[in-house]
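Chemist: Input: one structure, supplied below.
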Amino acid sequence: MSGLRTLLSNGKARAGAVLVVGFVLMALLGPLAVQDATAFVAVPHLPPGPGHWFGTTGQGQDVFAQTVVGARITLLVGFATGLGVVVIGSLIGGIAGYAGGRVDDLLSLLINVFLVMPGLPLMVVLAAFLPAGPATMFAVLVLTGWAWNARVLRAQTLAVRNRDFIAAARVSGEGTVRLVAVEILPNMASLIVSSFIGATIYAIGAQVGLEFLGLGDISAVTWGTNLYWASNDSALLTGSWWTFVPTGLSVALVGFGLVLLNFGIDEITNPRLTASKVLGELGDGPQSTPVRELPSD
Amino acid sequence: MSGAVPMLLRRLGFYFLAGWVALTLNFLIPRMMPGDPAAVMLARFEGDLSPEALQALRETFGISDGPMWQQYLDYLSHVLRGDLGISIAYFPAPVTQVLGTGLLWTVFLAGGAVLIAFALGTTLGALAAWWRGGWLDAIAPPTLAFLGAFPYFWLAMVAAWLFGFQLGLFPLRHAYGLDIEPALSLAFVSSVAYHAFLPALTMVIASTGGWMLGMRNVMIGVLGDDFITYAMARGLPRRRVLFHYAARNALLPNVTGFGMALGFVLSGALLTEIVFSYPGQGYLLIQSVRAQDFPLMQGIFLTITAAVLGANWLVDIVTVLLDPRTR
């Protein structure tokens with residue numbers, strides 16, 4: 001767990017972890033503590049106030065309960081998709097990078113084709129034809145999202161594969177499986193973790209977008225369907241901002257927490273980003289002491 | 001220039017291949033449904049649709065008793081002749097006619113927003129890397145990363161509510177005033193700009209951060225290179241080192257990423273258009289989802305894909321112009 005400790009020694013990563021863990025706890029425990037999110041509890045479009053801290057929706061449901069309950073499916077599908085994308089992405093990317101030659105050519109072509117195709121319209125076509133629900137959402141998001149990870153992991157496999165210590169291990173008689181599992185994969189651990197985080201960010205955003213279009217299970221309570229109903233119940237025309245602000249803020253805070261985690265990983269694994277010497281030596285920037293004032297042009 | 005033309009032709013070949021994959025997916029998806037997809041789908045419309053519409057739907061999907069390869073060839077020849085079938089939501093208008101000007105509005109809105117965000121983001125990123133640890137470097141990346149975490153369309157909802165509904169500063173819907181004739185007049189152009197401002201602004205806000213971070217991180221690497229130290233040691237004006245030496249080299253990976261980001265931004269633009277009832281592809285997309293208008297949905301997928309592939313080729317050409325190594 002020394003990796004985790006290193007990660008949490010970084011301020012950005014710590015802030016991100018607090019945000020993400022907070023929302024995950026809310027998703028796990030919150031639904032047990034709030035009232036029924038689908039029940040009609042008060043007058044529709046009631047502004048925030050005592051009794052209903054976040055107000056009510058156009059259907060007379062409690063917005064606070066909807067925000068808390070919505071986290072569960074949204075985050076579950078988000079993390080599951082992140083995992084699915086990384087597994088498929090590292091499998092295809094790893095095989096392409098390790099095998100090289102024809103296999104690599106073919107798989108790279110496949111990766112690039114999926115990368116260049118615009119995601120949302122393809123997702124819409126897929127989701128519209130399949131029965132609505134979390135399983136469909138997972139399948140659609142993995143199918144349209146794996147390529148980016150595959151590309152990143154292929155590049156990294158290629159880079160690691162040609163290092164001297166891999167050649168040394170191969171010469172010393174290590175088998176392919178052991179070579180990949182013991183020598184190559186651990187060298188990509190931080191990349192795989194940050195790919196998982198990136199894929200989860202993508203999955204949450206795309207999921208919310210698709211559900212906003214009405215392509216999810218609109219009878220379930222998720223962050224995406226909350227926004228779908230807010231828009232459908234003319235939140236903009238009635239000025240009931242409270243029906244979409246809490247959910248959107250939650251989406252952004254989780255996303256921001258995950259981005260912060262990735263910043264932290266970046267700073268730890270890429271020391272150049274934290275090294276302050278780069279420009280300090282050149283006598284530029286307000287924080288450094290200029291060696292000699294260069295004439296301004 | 002010897003290597004540039006074959007390279008661009010090879011890329012063009014790749015985009016045609018990607019286009020063919022999209023076409024084939026479009027053909028396969030309805031047919032890969034569990035059970036008998038055609039029957040299920042057609043049954044869903046039974047009663048709602050006139051027999052003529054049902055027949056049109058059948059023909060759109062090339063659903064016939066013929067073998068699969070026959071259906072596939074029929075489908076390809078239809079698409080290549082520009083026949084994307086008949087829309088259900090706007091029956092009996094053909095899909096191509098419904099799509100009509102929608103793509104132009106989307107390309108205008110998304111393209112404009114992408115260009116602004118790219119210029120703004122890369123400039124900010126270059127400056128943040130230059131003044132490492134300065135106030136810009138401390139404030140802008142986290143702020144923009146936070147803004148970038150919001151879904152595009154949610155920012156659009158907030159902007160529409162705040163500036164459109166509450167303050168009444170900007171219009172809430174449409175691409176130009178209803179009382180203005182579309183023409184190349186000052187009134188029309190300014191009305192278009194006025195209506196595009198809020199949707200474009202939300203997209204710029206959401207996507208600038210990505211460009212800035214990318215540029216900043218590449219730029220930090222470039223600034224560590226020896227040729228920068230040498231340029232500074234020679235006493236070149238700092239602004240020249242910043243823009244002509246460092247930024248120009250750091251820009252390339254960002255330009256390459258530009259093509260890839262286009263698809264992503266277009267997706268965001270589609271949702272933003274829905275919030276603002278902007279008459280682009282996004283607005284048609286939600287109409288098609290509501291009406292379960294599969295032919296229109298597929299038409300949107302194909303046209304957007306074509307637009308993204310074309311834009312990517314343009315980016316390739318720009319890369320060749322910018323980077324002497326590719327020639």
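Please note that chains go A, B, ... in the order of the structure tokens, that every chain numbers its residues from 1, and that ligands are numbered from 1 in the order shown.
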If the cut-off is 8 Å, can you tell me the residues of chain B near chain A, counting only C-alpha atoms? I'd like them as a ChimeraX atom specification.
Modeler: /B:17-18,21-22,29-30,33,130-134,145-147,149-151,153-154,157-158,160-161,165-166,217,220-221,223-224,229,232,235,237-239,259-260,263-264,266-267,271,286,289-290,292,294,297-298,300-301,304-305,308-309
Chemist: Report as a list in words all protein, DNA and RNA residues lying within 12 Å of Arg216 (chain B), evaluated on only C-alpha atoms, omitting residues in the same chain fewer than 6 positions from it.
Modeler: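 Skipping anything fewer than 6 positions along the chain leaves Arg272 and Leu273 of chain A; Gly121, Thr122, Thr123, Leu124, Gly125, Ala126, Leu127, Ala128, Ala129, Trp130, Trp131, Arg132, Gly133, Leu136, Asp137, Ala140, Pro141, Gly209, Gly210, Val222, Leu223, Ala246, Ala247, Ala250, Leu251, Pro253 and Asn254 of chain B.
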Chemist: Go ahead and save the picked residues with N, CA and C atoms, as a JSON list (two decimals), in the first residue's frame.
Modeler:
```json
[["chain", "number", "residue", "atom", "x", "y", "z"],
["A", 272, "ARG", "N", 8.99, 16.04, -13.99],
["A", 272, "ARG", "CA", 9.23, 17.29, -14.69],
["A", 272, "ARG", "C", 8.15, 18.31, -14.38],
["A", 273, "LEU", "N", 6.92, 17.82, -14.13],
["A", 273, "LEU", "CA", 5.81, 18.75, -13.89],
["A", 273, "LEU", "C", 5.94, 19.46, -12.55],
["B", 121, "GLY", "N", -7.13, 28.31, -25.10],
["B", 121, "GLY", "CA", -6.52, 27.31, -24.22],
["B", 121, "GLY", "C", -5.03, 27.18, -24.44],
["B", 122, "THR", "N", -4.60, 27.10, -25.72],
["B", 122, "THR", "CA", -3.17, 26.92, -25.97],
["B", 122, "THR", "C", -2.39, 28.17, -25.57],
["B", 123, "THR", "N", -2.98, 29.35, -25.80],
["B", 123, "THR", "CA", -2.28, 30.57, -25.39],
["B", 123, "THR", "C", -2.11, 30.60, -23.87],
["B", 124, "LEU", "N", -3.21, 30.32, -23.17],
["B", 124, "LEU", "CA", -3.14, 30.31, -21.70],
["B", 124, "LEU", "C", -2.14, 29.26, -21.21],
["B", 125, "GLY", "N", -2.16, 28.08, -21.86],
["B", 125, "GLY", "CA", -1.25, 27.01, -21.46],
["B", 125, "GLY", "C", 0.20, 27.41, -21.65],
["B", 126, "ALA", "N", 0.50, 28.06, -22.79],
["B", 126, "ALA", "CA", 1.87, 28.49, -23.05],
["B", 126, "ALA", "C", 2.31, 29.51, -22.01],
["B", 127, "LEU", "N", 1.42, 30.45, -21.70],
["B", 127, "LEU", "CA", 1.77, 31.48, -20.73],
["B", 127, "LEU", "C", 1.94, 30.90, -19.33],
["B", 128, "ALA", "N", 1.06, 29.94, -18.98],
["B", 128, "ALA", "CA", 1.15, 29.33, -17.64],
["B", 128, "ALA", "C", 2.46, 28.58, -17.48],
["B", 129, "ALA", "N", 2.89, 27.90, -18.56],
["B", 129, "ALA", "CA", 4.15, 27.16, -18.48],
["B", 129, "ALA", "C", 5.34, 28.12, -18.41],
["B", 130, "TRP", "N", 5.21, 29.23, -19.12],
["B", 130, "TRP", "CA", 6.29, 30.23, -19.16],
["B", 130, "TRP", "C", 6.49, 30.85, -17.79],
["B", 131, "TRP", "N", 5.37, 31.29, -17.19],
["B", 131, "TRP", "CA", 5.45, 31.83, -15.82],
["B", 131, "TRP", "C", 5.09, 30.72, -14.85],
["B", 132, "ARG", "N", 5.91, 29.74, -14.79],
["B", 132, "ARG", "CA", 5.72, 28.58, -13.93],
["B", 132, "ARG", "C", 5.55, 29.01, -12.49],
["B", 133, "GLY", "N", 4.46, 28.55, -11.84],
["B", 133, "GLY", "CA", 4.26, 28.88, -10.44],
["B", 133, "GLY", "C", 3.72, 30.28, -10.22],
["B", 136, "LEU", "N", -1.17, 32.93, -12.83],
["B", 136, "LEU", "CA", -1.95, 32.29, -13.89],
["B", 136, "LEU", "C", -1.87, 30.77, -13.76],
["B", 137, "ASP", "N", -0.64, 30.31, -13.49],
["B", 137, "ASP", "CA", -0.40, 28.87, -13.37],
["B", 137, "ASP", "C", -1.08, 28.30, -12.14],
["B", 140, "ALA", "N", -5.58, 29.29, -13.04],
["B", 140, "ALA", "CA", -6.32, 28.85, -14.23],
["B", 140, "ALA", "C", -6.50, 27.33, -14.35],
["B", 141, "PRO", "N", -5.44, 26.50, -14.20],
["B", 141, "PRO", "CA", -5.67, 25.06, -14.41],
["B", 141, "PRO", "C", -6.73, 24.44, -13.50],
["B", 209, "GLY", "N", -10.16, 24.23, -20.75],
["B", 209, "GLY", "CA", -9.25, 23.65, -19.77],
["B", 209, "GLY", "C", -8.40, 22.52, -20.32],
["B", 210, "GLY", "N", -9.03, 21.65, -21.13],
["B", 210, "GLY", "CA", -8.29, 20.52, -21.70],
["B", 210, "GLY", "C", -7.13, 20.99, -22.56],
["B", 222, "VAL", "N", 9.13, 21.17, -23.40],
["B", 222, "VAL", "CA", 9.90, 21.89, -24.42],
["B", 222, "VAL", "C", 10.82, 22.93, -23.78],
["B", 223, "LEU", "N", 10.28, 23.62, -22.75],
["B", 223, "LEU", "CA", 11.09, 24.68, -22.12],
["B", 223, "LEU", "C", 12.33, 24.10, -21.43],
["B", 246, "ALA", "N", 9.47, 28.12, -28.33],
["B", 246, "ALA", "CA", 8.84, 27.14, -27.44],
["B", 246, "ALA", "C", 7.42, 26.79, -27.88],
["B", 247, "ALA", "N", 6.55, 27.81, -28.00],
["B", 247, "ALA", "CA", 5.13, 27.55, -28.26],
["B", 247, "ALA", "C", 4.93, 26.83, -29.58],
["B", 250, "ALA", "N", 5.63, 23.28, -29.08],
["B", 250, "ALA", "CA", 4.71, 22.61, -28.15],
["B", 250, "ALA", "C", 3.32, 22.46, -28.77],
["B", 251, "LEU", "N", 3.05, 23.24, -29.82],
["B", 251, "LEU", "CA", 1.72, 23.27, -30.41],
["B", 251, "LEU", "C", 1.37, 21.98, -31.15],
["B", 253, "PRO", "N", 1.66, 18.57, -30.81],
["B", 253, "PRO", "CA", 0.82, 17.51, -30.25],
["B", 253, "PRO", "C", -0.62, 17.96, -30.05],
["B", 254, "ASN", "N", -0.79, 19.25, -29.76],
["B", 254, "ASN", "CA", -2.14, 19.77, -29.57],
["B", 254, "ASN", "C", -2.93, 19.80, -30.87]]
```
Chemist: Among region 97-235 of chain B, which residues carry a DSSP assignment of alpha helix (DSSP H), reported as number ranges by chain?
Modeler: B: 97-99, 102-130, 135-148, 152-159, 186-223, 226-233
Chemist: What lies within 8 Å of Leu201 (chain B) using only C-alpha atoms, ignoring chain neighbours under 4 positions off, as a PyMOL selection string?
Modeler: chain B and resi 113+197+205
Chemist: Could those selected residues go to a file with N, CA and C atoms, as a PDB file, in the first residue's frame?
Modeler:
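Generated output (again-v9.pdb):
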```
ATOM      1  N   ALA B 113     -16.812  27.320 -31.711  1.00  0.00           N
ATOM      2  CA  ALA B 113     -16.462  27.153 -30.296  1.00  0.00           C
ATOM      3  C   ALA B 113     -15.127  26.423 -30.145  1.00  0.00           C
ATOM      4  N   PHE B 197     -24.048  33.280 -29.176  1.00  0.00           N
ATOM      5  CA  PHE B 197     -23.103  33.656 -28.122  1.00  0.00           C
ATOM      6  C   PHE B 197     -23.158  32.734 -26.904  1.00  0.00           C
ATOM      7  N   ILE B 205     -16.188  27.492 -22.357  1.00  0.00           N
ATOM      8  CA  ILE B 205     -15.864  27.367 -20.938  1.00  0.00           C
ATOM      9  C   ILE B 205     -15.538  25.920 -20.595  1.00  0.00           C
TER      10      ILE B 205
END
```
Chemist: What does the distance from CA of Gly100 (chain A) to CA of Arg11 (chain B) come to in Å, to one decimal?
Modeler: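 Computing it gives 21.0 Å between the two atoms.
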Chemist: To one decimal place, how far is CA of Glu273 (chain B) from CA of Leu141 (chain A) in Å?
Modeler: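 One can read the CA of Glu273 (chain B) to CA of Leu141 (chain A) distance as 22.0 Å.
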Chemist: Let me make sure I understand: among B:Ile228, B:Val114, B:Leu198, B:Leu103, which one has the smallest atom-to-atom distance to Gly164 (chain B) if we use only C-alpha atoms?
Modeler: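 Of the candidates, the smallest distance to Gly164 (chain B) is held by B:Leu198.
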Chemist: Could you tell me how far CA of Met68 (chain B) sits from CA of Leu28 (chain B), in Å to one decimal place?
Modeler: 10.0 Å
Chemist: Using only C-alpha atoms, which of the listed residues (A:Ile192, A:Leu179, A:Leu4, A:Leu25) sits closest to Gly93 (chain A)?
Modeler: A:Ile192
Chemist: Give me the residues within 10 Å of Met26 (chain A) as a list in words, counting only C-alpha atoms and dropping any in the same chain fewer than 3 places off.
Modeler: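 These residues fall inside the cut-off: Val20, Val21, Gly22, Phe23, Leu29, Gly30, Pro31, Leu32, Ala33, Thr67, Val68, Val69, Ala71 and Arg72 of chain A.
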Chemist: I need the chosen residues saved as a PDB file, in the first residue's frame, with C-alpha atoms.
Modeler:
```pdb
ATOM      1  CA  VAL A  20     -14.662  10.831  -4.544  1.00  0.00           C
ATOM      2  CA  VAL A  21     -14.845   8.812  -1.322  1.00  0.00           C
ATOM      3  CA  GLY A  22     -17.448  11.254   0.024  1.00  0.00           C
ATOM      4  CA  PHE A  23     -19.714  10.741  -2.975  1.00  0.00           C
ATOM      5  CA  LEU A  29     -25.450   4.828   2.547  1.00  0.00           C
ATOM      6  CA  GLY A  30     -27.450   7.889   1.486  1.00  0.00           C
ATOM      7  CA  PRO A  31     -30.437   6.094  -0.079  1.00  0.00           C
ATOM      8  CA  LEU A  32     -31.092   4.377   3.284  1.00  0.00           C
ATOM      9  CA  ALA A  33     -31.340   7.710   5.065  1.00  0.00           C
ATOM     10  CA  THR A  67     -29.789  13.791  -5.832  1.00  0.00           C
ATOM     11  CA  VAL A  68     -28.678  11.330  -3.149  1.00  0.00           C
ATOM     12  CA  VAL A  69     -30.441   8.294  -4.620  1.00  0.00           C
ATOM     13  CA  ALA A  71     -25.716   8.840  -7.169  1.00  0.00           C
ATOM     14  CA  ARG A  72     -26.051   5.084  -6.709  1.00  0.00           C
TER      15      ARG A  72
END
```
Chemist: Give the strand (DSSP E or B) residues of region 30-279 of chain A, as DSSP finds them on the backbone, and put them as a VMD selection string.
Modeler: chain A and resid 49 52 56 62
Chemist: Write the residues you've just listed into a file as a tab-separated table (two decimals), in the first residue's frame, and include C-alpha atoms for each of them.
Modeler:
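Wrote it out as selection.tsv, contents follow:
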```tsv
chain	number	residue	atom	x	y	z
A	49	GLY	CA	-36.85	25.91	1.98
A	52	HIS	CA	-37.45	20.34	1.42
A	56	THR	CA	-39.23	19.82	-5.23
A	62	ASP	CA	-37.93	15.83	-3.16
```
Chemist: Using only C-alpha atoms, which protein or nucleic acid residues come within 12 Å of Leu80 (chain B)? Drop anything in the same chain fewer than 3 positions from it, and give the result as a list of chain:residue names.
Modeler: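 Contacts, in chain order: B:Gly19, B:Trp20, B:Leu23, B:Leu73, B:Asp74, B:Tyr75, B:Leu76, B:Ser77, B:Asp83, B:Leu84, B:Gly85, B:Leu302.
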Chemist: Counting only C-alpha atoms, which residue out of A:Ile268, A:Leu261, A:Thr74, A:Ala99 sits closest to Ala13 (chain A)?
Modeler: A:Leu261
